[in-house]
file input.pdb (PDB, C-alpha atoms and all ligand atoms)
ATOM      1  CA  MET A   1     128.296  70.512   2.500
ATOM      2  CA  ASP A   2     127.815  72.045  -0.943
ATOM      3  CA  GLN A   3     130.083  69.664  -2.733
ATOM      4  CA  ASP A   4     130.260  65.931  -2.129
ATOM      5  CA  TRP A   5     133.612  64.577  -1.021
ATOM      6  CA  ALA A   6     133.525  62.302  -4.017
ATOM      7  CA  ASP A   7     133.875  65.460  -6.127
ATOM      8  CA  LEU A   8     136.892  66.742  -4.243
ATOM      9  CA  PRO A   9     139.955  66.920  -6.438
ATOM     10  CA  MET A  10     142.454  64.317  -5.344
ATOM     11  CA  GLN A  11     146.161  64.482  -5.908
ATOM     12  CA  GLU A  12     148.496  61.650  -6.739
ATOM     13  CA  ASP A  13     151.135  63.076  -4.544
ATOM     14  CA  MET A  14     152.429  60.613  -2.071
ATOM     15  CA  SER A  15     153.515  57.539  -3.964
ATOM     16  CA  SER A  16     152.242  54.861  -6.269
ATOM     17  CA  ASP A  17     150.969  51.464  -5.272
ATOM     18  CA  ASP A  18     152.854  48.242  -6.020
ATOM     19  CA  ASP A  19     150.539  47.646  -8.973
ATOM     20  CA  GLY A  20     151.084  51.160 -10.306
ATOM     21  CA  SER A  21     147.564  52.365  -9.473
ATOM     22  CA  PRO A  22     147.363  55.986  -8.334
ATOM     23  CA  GLU A  23     147.476  56.882  -4.665
ATOM     24  CA  THR A  24     145.289  59.812  -3.829
ATOM     25  CA  VAL A  25     144.635  62.244  -1.028
ATOM     26  CA  PRO A  26     142.395  65.322  -1.273
ATOM     27  CA  VAL A  27     144.107  68.470  -2.462
ATOM     28  CA  PRO A  28     144.473  70.431   0.789
ATOM     29  CA  ARG A  29     143.283  73.719  -0.729
ATOM     30  CA  ALA A  30     140.118  72.049  -2.018
ATOM     31  CA  LEU A  31     139.348  70.470   1.339
ATOM     32  CA  LEU A  32     139.862  73.712   3.253
ATOM     33  CA  PRO A  33     136.347  75.126   2.673
ATOM     34  CA  HIS A  34     134.879  71.826   3.900
ATOM     35  CA  LEU A  35     136.534  71.849   7.295
ATOM     36  CA  GLU A  36     133.405  73.282   8.926
ATOM     37  CA  GLN A  37     131.573  70.086   7.892
ATOM     38  CA  SER A  38     134.431  67.699   8.618
ATOM     39  CA  ALA A  39     135.812  65.894  11.640
ATOM     40  CA  ILE A  40     139.526  65.179  11.532
ATOM     41  CA  LEU A  41     140.486  61.969  13.315
ATOM     42  CA  LEU A  42     144.159  61.108  13.658
ATOM     43  CA  ASP A  43     146.000  58.090  14.938
ATOM     44  CA  ILE A  44     149.219  58.969  16.783
ATOM     45  CA  ASP A  45     152.082  56.452  16.571
ATOM     46  CA  GLY A  46     153.172  55.789  13.002
ATOM     47  CA  THR A  47     150.697  58.377  11.676
ATOM     48  CA  LEU A  48     151.319  61.738  13.348
ATOM     49  CA  LEU A  49     154.546  60.725  15.056
ATOM     50  CA  ASP A  50     157.498  58.742  13.747
ATOM     51  CA  LEU A  51     157.914  55.389  15.432
ATOM     52  CA  ALA A  52     160.576  55.235  18.145
ATOM     53  CA  PRO A  53     162.430  52.314  19.753
ATOM     54  CA  THR A  54     160.302  52.543  22.904
ATOM     55  CA  PRO A  55     156.912  54.158  23.686
ATOM     56  CA  ARG A  56     158.480  56.862  25.853
ATOM     57  CA  GLU A  57     160.943  57.978  23.186
ATOM     58  CA  VAL A  58     158.452  59.447  20.729
ATOM     59  CA  TRP A  59     158.959  63.072  19.863
ATOM     60  CA  VAL A  60     156.439  65.722  18.906
ATOM     61  CA  PRO A  61     158.150  67.809  16.209
ATOM     62  CA  PRO A  62     158.049  71.594  16.552
ATOM     63  CA  GLY A  63     154.913  73.065  15.024
ATOM     64  CA  LEU A  64     152.761  69.934  15.180
ATOM     65  CA  ALA A  65     150.825  70.905  18.305
ATOM     66  CA  GLU A  66     150.207  74.336  16.800
ATOM     67  CA  THR A  67     148.935  72.775  13.562
ATOM     68  CA  LEU A  68     146.569  70.542  15.561
ATOM     69  CA  ASN A  69     145.332  73.493  17.599
ATOM     70  CA  ARG A  70     144.686  75.521  14.465
ATOM     71  CA  LEU A  71     142.795  72.628  12.905
ATOM     72  CA  LEU A  72     140.816  72.265  16.124
ATOM     73  CA  GLU A  73     139.861  75.890  15.739
ATOM     74  CA  ARG A  74     139.044  75.614  12.015
ATOM     75  CA  THR A  75     136.792  72.622  12.677
ATOM     76  CA  SER A  76     135.159  74.283  15.711
ATOM     77  CA  GLY A  77     136.543  71.548  17.941
ATOM     78  CA  ALA A  78     135.989  68.551  15.674
ATOM     79  CA  LEU A  79     139.510  67.192  15.711
ATOM     80  CA  ALA A  80     140.422  64.150  17.791
ATOM     81  CA  LEU A  81     143.362  61.876  18.362
ATOM     82  CA  VAL A  82     142.369  58.206  18.068
ATOM     83  CA  SER A  83     144.995  56.115  19.762
ATOM     84  CA  GLY A  84     145.888  52.886  21.454
ATOM     85  CA  ARG A  85     147.578  54.977  24.101
ATOM     86  CA  SER A  86     145.760  55.937  27.289
ATOM     87  CA  LEU A  87     144.470  59.504  27.584
ATOM     88  CA  ASN A  88     146.969  60.073  30.353
ATOM     89  CA  ASP A  89     149.832  58.999  28.101
ATOM     90  CA  ILE A  90     148.559  61.099  25.172
ATOM     91  CA  ASP A  91     148.516  64.141  27.435
ATOM     92  CA  LEU A  92     152.079  63.500  28.605
ATOM     93  CA  ILE A  93     153.311  63.251  25.018
ATOM     94  CA  PHE A  94     151.605  66.462  23.876
ATOM     95  CA  ALA A  95     152.013  68.377  27.168
ATOM     96  CA  PRO A  96     151.107  71.120  27.821
ATOM     97  CA  GLU A  97     148.534  70.799  25.012
ATOM     98  CA  GLN A  98     145.416  68.644  25.295
ATOM     99  CA  PHE A  99     143.171  67.466  22.488
ATOM    100  CA  PRO A 100     139.860  65.651  22.214
ATOM    101  CA  ALA A 101     140.732  61.964  22.047
ATOM    102  CA  VAL A 102     139.678  58.354  21.909
ATOM    103  CA  GLY A 103     142.285  56.492  23.980
ATOM    104  CA  GLY A 104     143.177  52.905  24.837
ATOM    105  CA  HIS A 105     141.734  51.513  21.577
ATOM    106  CA  GLY A 106     138.294  52.839  22.482
ATOM    107  CA  ALA A 107     138.523  52.268  26.236
ATOM    108  CA  GLU A 108     138.414  55.998  26.985
ATOM    109  CA  MET A 109     137.054  59.069  25.265
ATOM    110  CA  ARG A 110     137.225  62.825  25.765
ATOM    111  CA  VAL A 111     135.010  64.951  23.536
ATOM    112  CA  THR A 112     136.617  68.321  24.166
ATOM    113  CA  ALA A 113     140.203  69.242  24.877
ATOM    114  CA  ASP A 114     139.558  70.230  28.466
ATOM    115  CA  SER A 115     136.768  67.864  29.485
ATOM    116  CA  LYS A 116     137.215  64.799  31.612
ATOM    117  CA  ALA A 117     136.748  61.406  29.968
ATOM    118  CA  VAL A 118     133.037  61.112  29.204
ATOM    119  CA  ALA A 119     133.212  57.407  28.619
ATOM    120  CA  THR A 120     135.409  54.776  30.145
ATOM    121  CA  HIS A 121     134.321  51.410  28.891
ATOM    122  CA  ALA A 122     137.032  49.337  30.361
ATOM    123  CA  PRO A 123     137.029  47.691  33.737
ATOM    124  CA  PRO A 124     140.500  47.338  35.257
ATOM    125  CA  MET A 125     142.228  44.171  34.096
ATOM    126  CA  ASP A 126     142.004  41.280  36.534
ATOM    127  CA  LYS A 127     145.083  41.448  38.795
ATOM    128  CA  GLU A 128     145.971  37.769  38.568
ATOM    129  CA  LEU A 129     145.656  37.822  34.783
ATOM    130  CA  LYS A 130     147.866  40.882  34.595
ATOM    131  CA  ARG A 131     150.428  39.271  36.863
ATOM    132  CA  ARG A 132     150.614  36.194  34.630
ATOM    133  CA  LEU A 133     150.869  38.244  31.453
ATOM    134  CA  ALA A 134     153.494  40.549  32.927
ATOM    135  CA  ALA A 135     155.666  37.541  33.759
ATOM    136  CA  ILE A 136     156.098  36.980  30.007
ATOM    137  CA  ALA A 137     158.495  39.949  30.049
ATOM    138  CA  ARG A 138     160.962  37.671  31.827
ATOM    139  CA  LEU A 139     161.644  36.035  28.472
ATOM    140  CA  SER A 140     164.007  38.883  27.594
ATOM    141  CA  PRO A 141     165.226  42.179  29.057
ATOM    142  CA  GLY A 142     164.228  43.716  25.716
ATOM    143  CA  ILE A 143     160.503  43.153  26.357
ATOM    144  CA  LEU A 144     158.861  46.270  27.771
ATOM    145  CA  LEU A 145     155.581  46.285  29.659
ATOM    146  CA  GLU A 146     153.061  49.077  29.216
ATOM    147  CA  ASP A 147     150.331  48.909  31.837
ATOM    148  CA  LYS A 148     147.268  50.919  30.827
ATOM    149  CA  GLY A 149     145.254  49.699  33.822
ATOM    150  CA  TYR A 150     142.520  48.202  31.654
ATOM    151  CA  SER A 151     144.986  46.466  29.319
ATOM    152  CA  LEU A 152     148.583  45.354  29.151
ATOM    153  CA  ALA A 153     150.942  45.768  26.198
ATOM    154  CA  LEU A 154     154.072  43.677  25.715
ATOM    155  CA  HIS A 155     156.499  45.621  23.499
ATOM    156  CA  TYR A 156     159.216  43.642  21.714
ATOM    157  CA  ARG A 157     160.728  46.185  19.293
ATOM    158  CA  LEU A 158     164.016  45.821  21.195
ATOM    159  CA  ALA A 159     163.777  42.014  21.149
ATOM    160  CA  PRO A 160     162.048  41.089  17.866
ATOM    161  CA  GLN A 161     163.218  37.482  18.133
ATOM    162  CA  THR A 162     160.814  36.997  21.062
ATOM    163  CA  GLU A 163     157.649  37.665  19.035
ATOM    164  CA  GLN A 164     156.616  34.048  18.595
ATOM    165  CA  ALA A 165     157.413  33.117  22.188
ATOM    166  CA  ILE A 166     155.324  36.042  23.446
ATOM    167  CA  TYR A 167     152.276  35.066  21.380
ATOM    168  CA  GLU A 168     152.639  31.416  22.425
ATOM    169  CA  ALA A 169     152.856  32.356  26.087
ATOM    170  CA  VAL A 170     149.803  34.608  25.782
ATOM    171  CA  SER A 171     147.875  31.798  24.041
ATOM    172  CA  LEU A 172     148.626  29.395  26.878
ATOM    173  CA  ILE A 173     147.325  31.881  29.434
ATOM    174  CA  ARG A 174     144.196  32.516  27.369
ATOM    175  CA  ALA A 175     143.597  28.783  27.036
ATOM    176  CA  ASP A 176     143.335  28.625  30.827
ATOM    177  CA  LEU A 177     140.683  31.361  30.756
ATOM    178  CA  PRO A 178     138.401  30.475  27.852
ATOM    179  CA  ASN A 179     135.529  32.601  29.145
ATOM    180  CA  ALA A 180     137.495  35.729  30.006
ATOM    181  CA  PRO A 181     136.250  38.714  27.946
ATOM    182  CA  ILE A 182     139.692  39.506  26.614
ATOM    183  CA  GLU A 183     141.315  39.628  23.202
ATOM    184  CA  VAL A 184     144.812  39.847  21.823
ATOM    185  CA  LEU A 185     145.532  42.857  19.676
ATOM    186  CA  PRO A 186     148.641  42.630  17.528
ATOM    187  CA  GLY A 187     150.292  45.948  16.705
ATOM    188  CA  LYS A 188     153.669  47.142  15.498
ATOM    189  CA  CYS A 189     156.146  45.121  17.596
ATOM    190  CA  VAL A 190     153.567  44.937  20.343
ATOM    191  CA  CYS A 191     151.141  42.341  21.632
ATOM    192  CA  GLU A 192     148.360  43.924  23.647
ATOM    193  CA  ILE A 193     145.847  42.059  25.775
ATOM    194  CA  LYS A 194     142.666  44.048  26.250
ATOM    195  CA  HIS A 195     139.021  43.731  27.154
ATOM    196  CA  SER A 196     137.043  42.639  24.113
ATOM    197  CA  GLY A 197     134.175  45.063  24.679
ATOM    198  CA  PHE A 198     135.571  48.001  22.749
ATOM    199  CA  THR A 199     137.693  48.860  19.719
ATOM    200  CA  LYS A 200     138.908  52.025  18.057
ATOM    201  CA  ALA A 201     135.869  51.689  15.783
ATOM    202  CA  SER A 202     133.406  51.566  18.686
ATOM    203  CA  GLY A 203     135.190  54.582  20.178
ATOM    204  CA  VAL A 204     134.937  56.541  16.931
ATOM    205  CA  ARG A 205     131.290  55.607  16.469
ATOM    206  CA  GLU A 206     130.557  56.921  19.949
ATOM    207  CA  LEU A 207     132.648  60.075  19.488
ATOM    208  CA  MET A 208     130.681  60.863  16.331
ATOM    209  CA  THR A 209     127.435  60.943  18.326
ATOM    210  CA  HIS A 210     128.673  63.907  20.367
ATOM    211  CA  GLY A 211     128.866  67.545  19.386
ATOM    212  CA  PRO A 212     130.874  69.041  17.736
ATOM    213  CA  PHE A 213     131.575  65.778  15.867
ATOM    214  CA  LYS A 214     127.928  64.846  15.347
ATOM    215  CA  GLY A 215     126.652  65.361  11.802
ATOM    216  CA  ARG A 216     130.120  65.865  10.365
ATOM    217  CA  ARG A 217     131.985  63.711   7.882
ATOM    218  CA  PRO A 218     135.021  62.056   9.433
ATOM    219  CA  LEU A 219     138.383  61.969   7.754
ATOM    220  CA  PHE A 220     140.520  59.347   9.493
ATOM    221  CA  ILE A 221     144.242  58.699   9.022
ATOM    222  CA  GLY A 222     145.885  55.635  10.588
ATOM    223  CA  ASP A 223     148.702  53.181   9.973
ATOM    224  CA  ASP A 224     148.341  50.030  12.014
ATOM    225  CA  VAL A 225     146.319  46.816  12.089
ATOM    226  CA  THR A 226     144.437  48.350  15.000
ATOM    227  CA  ASP A 227     143.265  51.160  12.715
ATOM    228  CA  GLU A 228     141.640  48.786  10.265
ATOM    229  CA  SER A 229     138.436  48.641  12.326
ATOM    230  CA  VAL A 230     138.117  52.402  11.792
ATOM    231  CA  PHE A 231     138.911  52.206   8.066
ATOM    232  CA  ALA A 232     136.062  49.700   7.825
ATOM    233  CA  ILE A 233     133.396  51.968   9.358
ATOM    234  CA  MET A 234     134.205  55.131   7.402
ATOM    235  CA  PRO A 235     131.640  54.365   4.662
ATOM    236  CA  ASP A 236     128.890  54.016   7.334
ATOM    237  CA  LEU A 237     129.798  57.474   8.613
ATOM    238  CA  ASP A 238     130.083  58.920   5.116
ATOM    239  CA  GLY A 239     133.760  59.476   5.801
ATOM    240  CA  LEU A 240     137.110  58.963   4.161
ATOM    241  CA  ALA A 241     140.076  56.927   5.372
ATOM    242  CA  PHE A 242     143.758  57.159   4.525
ATOM    243  CA  SER A 243     146.523  54.842   5.608
ATOM    244  CA  VAL A 244     150.181  55.514   6.250
ATOM    245  CA  GLY A 245     153.064  53.377   5.030
ATOM    246  CA  ARG A 246     150.937  50.925   3.039
ATOM    247  CA  ARG A 247     147.680  50.961   1.161
ATOM    248  CA  ALA A 248     145.250  49.349   3.571
ATOM    249  CA  LYS A 249     141.990  47.760   2.454
ATOM    250  CA  GLY A 250     139.147  50.219   1.961
ATOM    251  CA  VAL A 251     141.168  53.431   2.099
ATOM    252  CA  ALA A 252     140.985  56.240  -0.440
ATOM    253  CA  GLY A 253     144.742  56.658  -0.533
ATOM    254  CA  HIS A 254     147.870  56.556   1.502
ATOM    255  CA  PHE A 255     150.794  58.574   2.775
ATOM    256  CA  ASP A 256     154.287  57.122   2.790
ATOM    257  CA  GLU A 257     155.272  58.226   6.258
ATOM    258  CA  PRO A 258     154.209  60.387   9.215
ATOM    259  CA  GLY A 259     156.222  63.340   7.893
ATOM    260  CA  ASP A 260     153.945  63.388   4.821
ATOM    261  CA  VAL A 261     150.848  63.439   7.048
ATOM    262  CA  ARG A 262     152.235  66.328   9.079
ATOM    263  CA  GLN A 263     153.091  68.261   5.936
ATOM    264  CA  TRP A 264     149.632  67.628   4.469
ATOM    265  CA  LEU A 265     147.934  68.856   7.660
ATOM    266  CA  THR A 266     150.010  72.033   7.546
ATOM    267  CA  ARG A 267     149.111  72.579   3.900
ATOM    268  CA  LEU A 268     145.464  72.069   4.759
ATOM    269  CA  LEU A 269     145.644  75.239   6.827
ATOM    270  CA  ASP A 270     147.790  77.066   4.402
ATOM    271  CA  GLY A 271     145.240  77.228   1.597
ATOM    272  CA  GLU A 272     146.923  79.949  -0.402
ATOM    273  CA  LYS A 273     150.260  78.212  -0.628
ATOM    274  CA  ALA A 274     148.828  74.738  -1.183
ATOM    275  CA  ALA A 275     149.466  73.261  -4.567
TER     276      ALA A 275
HETATM  277  O1  LIG A 301     147.007  53.858  18.041
HETATM  278  P1  LIG A 301     148.343  54.526  18.083
HETATM  279  O2  LIG A 301     148.288  55.967  18.485
HETATM  280  O3  LIG A 301     149.121  54.330  16.806
HETATM  281  O4  LIG A 301     149.150  53.758  19.224
HETATM  282  C1  LIG A 301     149.544  52.393  19.014
HETATM  283  C2  LIG A 301     150.519  52.001  20.082
HETATM  284  O5  LIG A 301     151.545  52.981  20.041
HETATM  285  C3  LIG A 301     152.620  52.851  20.969
HETATM  286  O6  LIG A 301     153.429  51.760  20.593
HETATM  287  C4  LIG A 301     153.950  51.895  19.284
HETATM  288  O7  LIG A 301     154.765  53.066  19.204
HETATM  289  C5  LIG A 301     155.994  53.040  19.983
HETATM  290  C6  LIG A 301     156.674  54.376  19.798
HETATM  291  O8  LIG A 301     156.923  54.628  18.450
HETATM  292  C7  LIG A 301     156.855  51.869  19.497
HETATM  293  O9  LIG A 301     158.050  51.806  20.295
HETATM  294  C8  LIG A 301     156.065  50.572  19.624
HETATM  295  O10 LIG A 301     156.819  49.490  19.066
HETATM  296  C9  LIG A 301     154.744  50.667  18.874
HETATM  297  O11 LIG A 301     153.945  49.493  19.070
HETATM  298  C10 LIG A 301     152.063  52.743  22.365
HETATM  299  O12 LIG A 301     153.110  52.439  23.261
HETATM  300  C11 LIG A 301     150.930  51.722  22.493
HETATM  301  O13 LIG A 301     150.325  51.839  23.770
HETATM  302  C12 LIG A 301     149.869  52.030  21.453
HETATM  303  O14 LIG A 301     148.832  51.052  21.538
END
call {"tool": "encode", "arguments": {"input": "input.pdb", "output": "structure tokens"}}
result
Amino acid sequence: MDQDWADLPMQEDMSSDDDGSPETVPVPRALLPHLEQSAILLDIDGTLLDLAPTPREVWVPPGLAETLNRLLERTSGALALVSGRSLNDIDLIFAPEQFPAVGGHGAEMRVTADSKAVATHAPPMDKELKRRLAAIARLSPGILLEDKGYSLALHYRLAPQTEQAIYEAVSLIRADLPNAPIEVLPGKCVCEIKHSGFTKASGVRELMTHGPFKGRRPLFIGDDVTDESVFAIMPDLDGLAFSVGRRAKGVAGHFDEPGDVRQWLTRLLDGEKAA
């Protein structure tokens, strides 16, 4: 890259922080010439897509898949979705399109849009453990189970009053299994129990060892607690991180909402019209 990212002009365009300090993202037109040296890594829920009451109700707005495909082309394939969702679920949401992706919080990875998963780090969750965790959903009809095979998510967006009871019930089960290699991942109105051997950060680190990602500088955008592990490794990879909805620790700037991220990605491609 001719110019260091630190020299990229940044714009104070999305909002200002609580303390009045500027919030910055690179000016899309200035970043455009650097796409051949960049890898664009995007979280899905709460970053690319607006949150919905249930996981199945998310909606891919018209034009988004086309924008992602064009960016995939401009980066010679170095664009990936980095999600807590399984690859299978990601593909259903974006059908008929497919994108390179890290899925299941690093459990699965696909380096090109049409390849099979090249890495699956997660053994299936123990059946008895899953059965016990799934029984927690009996606390309320508003608790939804999402079975990813290697992990189980308990969604309580429709029953927010059950949050504490869910975490207490999960703790009791974990206390019975002190040596099980599992961890509890809190997300937005979701409590996920997963194998502890992988994270989004480990998935991204591995993705970045494969062509066409290898040797590029990652630009990651995410919104959730589960994205913080990726924010934290961006300096190691000489990359930049941006958060959505709040200014997370270690990020270069933030977007207010997913609509701002989508607009920024479109403007990235539309160099001439970009401000
Ligand atoms: O890493 P992400 O791509 O952001 O995925 C995180 C989780 O997203 C989904 O759940 C979240 O979004 C749902 C739809 O907006 C919402 O109803 C739910 O409350 C959120 O937690 C997905 O279902 C999970 O598997 C992902 O881990």
call {"tool": "residues_near_ligand", "arguments": {"input": "input.pdb", "ligand": "ligand LIG 301 (chain A)", "cutoff": "9 Å", "atoms": "all atoms listed in the file", "output": "number ranges by chain"}}
result
A: 42-59, 81-86, 89-90, 103-105, 146-148, 152-158, 186-192, 200, 222-224, 226-227
call {"tool": "closest_residue", "arguments": {"input": "input.pdb", "among": "A:Ala165, A:Leu185, A:Ile233, A:Ile173", "to": "Arg138 (chain A)", "atoms": "all atoms listed in the file"}}
result
A:Ala165
call {"tool": "closest_atom_pairs", "arguments": {"input": "input.pdb", "of": "region 178-225 of chain A", "to": "region 240-245 of chain A", "cutoff": "8 Å", "atoms": "only C-alpha atoms", "output": "CSV"}}
result
residue,atom,partner,partner_atom,distance
A:Arg217,CA,A:Leu240,CA,7.9
A:Pro218,CA,A:Leu240,CA,6.5
A:Leu219,CA,A:Leu240,CA,4.9
A:Phe220,CA,A:Ala241,CA,4.8
A:Ile221,CA,A:Phe242,CA,4.8
A:Gly222,CA,A:Ser243,CA,5.1
A:Asp223,CA,A:Val244,CA,4.6
call {"tool": "closest_residue", "arguments": {"input": "input.pdb", "among": "A:Ala232, A:Ile40, A:Ala169, A:Ala107", "to": "Leu139 (chain A)", "atoms": "only C-alpha atoms"}}
result
A:Ala169
call {"tool": "closest_residue", "arguments": {"input": "input.pdb", "among": "A:Gly239, A:Glu168, A:Ala65, A:Phe213", "to": "Trp5 (chain A)", "atoms": "all atoms listed in the file"}}
result
A:Gly239
call {"tool": "resolve_selection", "arguments": {"input": "input.pdb", "expression": "the PyMOL selection byres (((chain A and resi 150) around 7) and not hetatm)", "output": "PyMOL selection string"}}
result
chain A and resi 122-125+148-149+151+194
call {"tool": "closest_residue", "arguments": {"input": "input.pdb", "among": "A:Ala95, A:Arg216, A:Leu31, A:Gly106", "to": "Gly77 (chain A)", "atoms": "all atoms listed in the file"}}
result
A:Arg216
call {"tool": "atom_distance", "arguments": {"input": "input.pdb", "atom1": "CA of Thr209 (chain A)", "atom2": "CA of Arg110 (chain A)"}}
result
12.4 Å
call {"tool": "resolve_selection", "arguments": {"input": "input.pdb", "expression": "the PyMOL selection byres (((chain A and resi 96) around 12) and not hetatm)", "output": "list of chain:residue names"}}
result
A:Val60, A:Ala65, A:Glu66, A:Asn69, A:Ile90, A:Asp91, A:Leu92, A:Ile93, A:Phe94, A:Ala95, A:Glu97, A:Gln98, A:Phe99, A:Ala113, A:Asp114
call {"tool": "decode", "arguments": {"input": "input.pdb", "residues": "region 14-69 of chain A", "atoms": "C-alpha atoms", "output": "compact mmCIF listing (two decimals), in the first residue's frame"}}
result
# COMPACT_ATOMS: atom_id res chain seq x y z
CA MET A 14 -21.68 9.39 11.96
CA SER A 15 -22.14 10.95 15.36
CA SER A 16 -20.23 12.29 18.30
CA ASP A 17 -19.26 10.40 21.40
CA ASP A 18 -20.82 11.07 24.81
CA ASP A 19 -17.74 13.10 25.75
CA GLY A 20 -17.92 15.13 22.54
CA SER A 21 -14.80 13.56 21.00
CA PRO A 22 -14.97 13.06 17.24
CA GLU A 23 -16.15 9.79 15.76
CA THR A 24 -14.33 8.90 12.60
CA VAL A 25 -14.54 6.49 9.71
CA PRO A 26 -12.35 6.63 6.58
CA VAL A 27 -13.68 8.79 3.78
CA PRO A 28 -14.99 6.17 1.34
CA ARG A 29 -13.45 7.84 -1.72
CA ALA A 30 -10.03 7.87 -0.05
CA LEU A 31 -10.24 4.21 0.90
CA LEU A 32 -11.32 3.12 -2.57
CA PRO A 33 -7.81 2.92 -4.08
CA HIS A 34 -6.72 0.77 -1.13
CA LEU A 35 -9.28 -1.96 -1.61
CA GLU A 36 -6.77 -4.13 -3.48
CA GLN A 37 -4.69 -4.23 -0.27
CA SER A 38 -7.61 -4.53 2.13
CA ALA A 39 -9.78 -7.31 3.50
CA ILE A 40 -13.30 -6.28 4.44
CA LEU A 41 -14.70 -8.25 7.37
CA LEU A 42 -18.31 -7.69 8.38
CA ASP A 43 -20.41 -8.91 11.25
CA ILE A 44 -24.03 -9.58 10.28
CA ASP A 45 -26.68 -9.02 12.96
CA GLY A 46 -26.69 -5.46 14.27
CA THR A 47 -23.97 -4.45 11.79
CA LEU A 48 -25.08 -5.27 8.24
CA LEU A 49 -28.65 -6.14 9.16
CA ASP A 50 -31.08 -4.42 11.50
CA LEU A 51 -31.93 -6.48 14.55
CA ALA A 52 -35.26 -8.31 14.42
CA PRO A 53 -37.47 -9.82 17.14
CA THR A 54 -36.34 -13.35 16.27
CA PRO A 55 -33.34 -14.76 14.34
CA ARG A 56 -35.49 -15.89 11.42
CA GLU A 57 -37.09 -12.48 10.91
CA VAL A 58 -34.02 -10.61 9.72
CA TRP A 59 -34.29 -9.02 6.32
CA VAL A 60 -31.63 -8.36 3.72
CA PRO A 61 -32.51 -4.97 2.21
CA PRO A 62 -32.55 -4.66 -1.58
CA GLY A 63 -29.12 -3.85 -2.97
CA LEU A 64 -27.08 -5.15 -0.04
CA ALA A 65 -26.13 -8.48 -1.63
CA GLU A 66 -25.14 -6.63 -4.79
CA THR A 67 -22.98 -4.21 -2.80
CA LEU A 68 -21.26 -7.15 -1.07
CA ASN A 69 -20.70 -8.91 -4.39
